[in-house]
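Dumped run-v1.csv below, it's CSV, C-alpha atoms:
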chain,number,residue,atom,x,y,z
A,1,GLY,CA,2.8,11.4,0.1
A,2,LEU,CA,6.5,10.8,0.3
A,3,VAL,CA,8.7,10.6,-2.8
A,4,LEU,CA,12.4,9.6,-2.7
A,5,VAL,CA,14.8,11.7,-4.8
A,6,GLY,CA,18.5,11.4,-5.0
A,7,LYS,CA,20.0,15.0,-5.3
A,8,THR,CA,23.4,13.6,-6.3
A,9,ALA,CA,24.4,10.6,-8.4
A,10,GLY,CA,26.0,9.1,-5.3
A,11,MET,CA,22.8,9.4,-3.3
A,12,LEU,CA,20.7,8.1,-6.1
A,13,HIS,CA,23.0,5.1,-6.3
A,14,GLN,CA,22.8,4.6,-2.5
A,15,LEU,CA,18.9,4.8,-2.6
A,16,ASN,CA,18.9,2.2,-5.4
A,17,GLN,CA,21.1,-0.1,-3.4
A,18,TRP,CA,18.9,0.1,-0.4
A,19,ILE,CA,15.8,-0.6,-2.5
A,20,GLN,CA,17.4,-3.6,-4.2
A,21,LYS,CA,18.6,-5.0,-0.9
A,22,ARG,CA,15.2,-4.3,0.7
A,23,GLU,CA,16.8,-2.2,3.4
A,24,LEU,CA,14.5,0.7,2.9
A,25,GLY,CA,11.1,0.6,4.6
A,26,LYS,CA,8.2,1.8,2.5
A,27,PHE,CA,4.9,2.2,4.4
A,28,TYR,CA,1.5,3.2,3.1
A,29,LEU,CA,-1.7,4.1,4.9
A,30,THR,CA,-4.9,2.9,3.4
A,31,LEU,CA,-8.6,2.6,4.3
A,32,VAL,CA,-10.0,-0.8,3.4
A,33,GLU,CA,-13.5,-2.1,3.3
A,34,GLY,CA,-14.7,-4.4,6.0
A,35,ARG,CA,-13.3,-5.4,9.4
A,36,LEU,CA,-9.7,-6.6,9.3
A,37,THR,CA,-7.8,-7.4,12.5
A,38,GLY,CA,-4.2,-7.9,13.6
A,39,GLU,CA,-1.3,-8.1,11.2
A,40,GLY,CA,-0.2,-10.4,8.4
A,41,THR,CA,1.5,-10.9,5.1
A,42,ILE,CA,-0.2,-11.2,1.7
A,43,SER,CA,1.9,-13.1,-0.8
A,44,GLY,CA,1.2,-14.2,-4.4
A,45,LYS,CA,2.3,-13.9,-7.9
A,46,LEU,CA,1.0,-10.9,-9.8
A,47,VAL,CA,0.3,-10.6,-13.5
A,48,ARG,CA,-0.7,-7.6,-15.4
A,49,LYS,CA,-3.8,-7.9,-17.5
A,50,GLU,CA,-3.3,-5.4,-20.4
A,51,LYS,CA,-6.9,-5.4,-21.7
A,52,SER,CA,-8.3,-4.3,-18.3
A,53,ASN,CA,-5.2,-2.5,-17.2
A,54,ARG,CA,-5.3,-4.3,-13.9
A,55,THR,CA,-3.0,-6.4,-11.9
A,56,VAL,CA,-4.3,-9.7,-10.5
A,57,VAL,CA,-3.1,-12.2,-7.9
A,58,LEU,CA,-2.7,-15.6,-9.3
A,59,SER,CA,-3.8,-18.6,-7.3
A,60,GLY,CA,-1.4,-21.5,-6.7
A,61,GLY,CA,-3.1,-23.8,-9.2
A,62,ASP,CA,-3.3,-21.2,-11.9
A,63,ALA,CA,-1.5,-22.4,-15.1
A,64,ALA,CA,-0.2,-18.8,-15.7
A,65,ALA,CA,1.4,-18.7,-12.2
A,66,SER,CA,4.9,-19.3,-13.7
A,67,ALA,CA,4.5,-16.0,-15.7
A,68,GLY,CA,3.6,-14.0,-12.6
A,69,LYS,CA,6.0,-11.9,-10.5
A,70,ALA,CA,6.3,-12.7,-6.8
A,71,ALA,CA,5.0,-10.0,-4.5
A,72,GLU,CA,4.7,-9.6,-0.8
A,73,THR,CA,2.9,-7.0,1.3
A,74,ARG,CA,3.0,-6.9,5.1
A,75,TYR,CA,0.1,-5.2,6.9
A,76,ARG,CA,-0.7,-4.0,10.4
A,77,VAL,CA,-4.2,-2.9,11.4
A,78,LEU,CA,-4.1,0.5,13.1
A,79,GLN,CA,-7.8,0.8,13.8
A,80,THR,CA,-11.0,-1.1,13.0
A,81,GLY,CA,-14.4,0.5,12.6
A,82,LYS,CA,-17.8,-0.8,11.9
A,83,THR,CA,-17.5,-0.8,8.1
A,84,HIS,CA,-13.8,0.0,7.3
A,85,THR,CA,-10.3,-0.6,8.6
A,86,LEU,CA,-7.3,1.7,8.7
A,87,VAL,CA,-4.2,-0.3,7.7
A,88,GLU,CA,-0.5,0.4,7.4
A,89,ALA,CA,0.8,-1.6,4.5
A,90,GLU,CA,4.6,-2.2,4.0
A,91,LEU,CA,5.8,-3.1,0.5
A,92,ILE,CA,8.4,-5.9,0.6
A,93,SER,CA,8.4,-6.1,-3.2
A,94,GLY,CA,7.2,-3.2,-5.3
A,95,ARG,CA,4.9,-4.2,-8.1
A,96,THR,CA,2.4,-2.2,-10.1
A,97,HIS,CA,-0.9,-2.0,-8.2
A,98,GLN,CA,0.4,-4.5,-5.6
A,99,ILE,CA,-1.4,-3.1,-2.6
A,100,ARG,CA,-4.6,-2.7,-4.5
A,101,SER,CA,-4.6,-6.2,-5.9
A,102,HIS,CA,-3.4,-7.8,-2.7
A,103,PHE,CA,-6.1,-6.4,-0.5
A,104,GLN,CA,-8.8,-7.2,-3.1
A,105,SER,CA,-7.5,-10.8,-3.1
A,106,ILE,CA,-8.3,-11.2,0.6
A,107,GLY,CA,-11.7,-9.6,0.3
A,108,HIS,CA,-10.8,-6.1,1.6
A,109,PRO,CA,-10.5,-3.8,-1.4
A,110,LEU,CA,-9.3,-0.3,-0.8
A,111,ALA,CA,-12.2,2.1,0.0
A,112,GLY,CA,-13.3,4.0,-3.1
A,113,ASP,CA,-11.1,1.9,-5.4
A,114,ILE,CA,-13.8,1.0,-8.0
A,115,LYS,CA,-11.2,-0.4,-10.4
A,116,TYR,CA,-10.2,-3.1,-7.9
A,117,GLY,CA,-13.7,-3.9,-6.4
A,118,GLY,CA,-14.1,-1.2,-3.9
A,119,ARG,CA,-17.3,0.8,-3.6
A,120,PRO,CA,-17.4,4.6,-3.8
A,121,LEU,CA,-17.2,6.1,-0.3
A,122,ASP,CA,-18.8,9.6,0.3
A,123,GLY,CA,-18.2,10.5,-3.4
A,124,VAL,CA,-14.6,9.2,-3.5
A,125,LYS,CA,-14.2,6.9,-6.5
A,126,HIS,CA,-10.4,6.3,-6.3
A,127,GLN,CA,-8.2,4.4,-3.9
A,128,LEU,CA,-7.4,6.0,-0.6
A,129,LEU,CA,-3.7,5.1,-0.5
A,130,HIS,CA,-1.1,7.4,1.0
A,131,ALA,CA,2.8,6.9,1.0
A,132,TRP,CA,3.2,8.1,4.5
A,133,ARG,CA,6.4,6.7,6.1
A,134,ILE,CA,9.9,5.8,4.9
A,135,THR,CA,12.6,4.3,7.2
A,136,LEU,CA,16.3,4.3,6.2
A,137,PRO,CA,18.8,1.5,7.2
A,138,ASP,CA,20.3,3.9,9.8
A,139,SER,CA,16.9,4.1,11.5
A,140,ARG,CA,16.0,7.6,10.3
A,141,GLU,CA,12.3,7.9,9.5
A,142,PHE,CA,10.4,10.4,7.4
A,143,ARG,CA,6.6,10.9,7.5
A,144,ALA,CA,4.2,12.8,5.4
A,145,PRO,CA,1.0,14.4,6.8
A,146,LEU,CA,-2.3,12.8,5.9
A,147,PRO,CA,-4.0,14.4,2.9
A,148,GLU,CA,-7.2,16.2,4.0
A,149,LEU,CA,-9.4,14.0,1.8
A,150,LEU,CA,-8.1,10.8,3.6
A,151,ARG,CA,-8.5,12.4,7.0
A,152,ARG,CA,-12.0,13.6,6.3
A,153,THR,CA,-13.1,10.2,4.8
A,154,MET,CA,-11.6,8.4,7.8
A,155,ALA,CA,-13.6,10.6,10.2
A,156,LYS,CA,-16.8,9.9,8.3
A,157,VAL,CA,-16.4,6.2,9.0
A,158,GLY,CA,-15.4,6.8,12.6
A,159,LEU,CA,-11.6,6.3,12.3
A,160,SER,CA,-8.6,8.4,13.0
A,161,LEU,CA,-4.9,8.0,13.1
A,162,PRO,CA,-3.9,6.8,16.6

Render the structure in this file as structure tokens.
Amino acid sequence: GLVLVGKTAGMLHQLNQWIQKRELGKFYLTLVEGRLTGEGTISGKLVRKEKSNRTVVLSGGDAAASAGKAAETRYRVLQTGKTHTLVEAELISGRTHQIRSHFQSIGHPLAGDIKYGGRPLDGVKHQLLHAWRITLPDSREFRAPLPELLRRTMAKVGLSLP
């Protein structure tokens, strides 16, 4: 997937400014379990559980909610199949395991992500998550091609990138 690198100190500073001001669009492709439709926003406070090395979404009535960090993920369904859905997820905040924990919290864990409630899919036992698109404030956009494993797995469940 895509990785941002500042080749000069000035560019690194500019990238950091865009990230802090949330002017940089960071989009991921993922395959989730179940049938999800439309688009939406998943919000909630996240807290890191050190013993299990997992991040969990706290419910509004959770006494520990004050300790959590606010997180927001926007999503847009690209294609829905019989058993899985291809989703573009946009990070509004950037927390550890945010996409994984957010989709688990709405009952649609990432395909293959056994750590966050997903089931193995065709031998894949890790999340199918790909940093595929970045948009800059000046409207320039950069895309990374899909990894072969993601493309092959999508095909097995009857999905493809539109």

Can you check which parts of range 34-79 of chain A lie within 9 Å of range 105-114 of chain A? Per residue, the shortest pair of atoms and distance in Å to one decimal, counting all atoms listed in the file, sorted by chain and number, as JSON lines.
{"residue": "A:Gly34", "atom": "CA", "partner": "A:His108", "partner_atom": "CA", "distance": 6.1}
{"residue": "A:Arg35", "atom": "CA", "partner": "A:His108", "partner_atom": "CA", "distance": 8.2}
{"residue": "A:Leu36", "atom": "CA", "partner": "A:His108", "partner_atom": "CA", "distance": 7.8}
{"residue": "A:Ile42", "atom": "CA", "partner": "A:Ile106", "partner_atom": "CA", "distance": 8.2}
{"residue": "A:Val56", "atom": "CA", "partner": "A:Ser105", "partner_atom": "CA", "distance": 8.1}
{"residue": "A:Val57", "atom": "CA", "partner": "A:Ser105", "partner_atom": "CA", "distance": 6.7}

Point-to-point distance in Å for CA of Thr30 in chain A and CA of Thr83 in chain A: 13.9 Å

Quick one: pull the distance between CA of Glu90 in chain A and CA of Gly25 in chain A, Å, one decimal.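 Computing it gives 7.1 Å between the two atoms.
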
Close residues, Ala67 in chain A itself excluded, 10 Å, only C-alpha atoms, min 4 positions apart in chain, as a PDB file with C-alpha atoms, keeping the file's coordinate frame:
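Saved the output as result.pdb:
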ATOM      1  CA  LYS A  45       2.300 -13.900  -7.900  1.00  0.00           C
ATOM      2  CA  LEU A  46       1.000 -10.900  -9.800  1.00  0.00           C
ATOM      3  CA  VAL A  47       0.300 -10.600 -13.500  1.00  0.00           C
ATOM      4  CA  ARG A  48      -0.700  -7.600 -15.400  1.00  0.00           C
ATOM      5  CA  LEU A  58      -2.700 -15.600  -9.300  1.00  0.00           C
ATOM      6  CA  ALA A  63      -1.500 -22.400 -15.100  1.00  0.00           C
TER       7      ALA A  63
END

Kindly compute an axis-aligned box around the listed atoms of range 145-162 of chain A, allowing 4 Å on each side, and express its centre and edge lengths in Å to one decimal as AutoDock Vina command-line options.
--center_x -7.9 --center_y 11.2 --center_z 9.2 --size_x 25.8 --size_y 18.0 --size_z 22.8
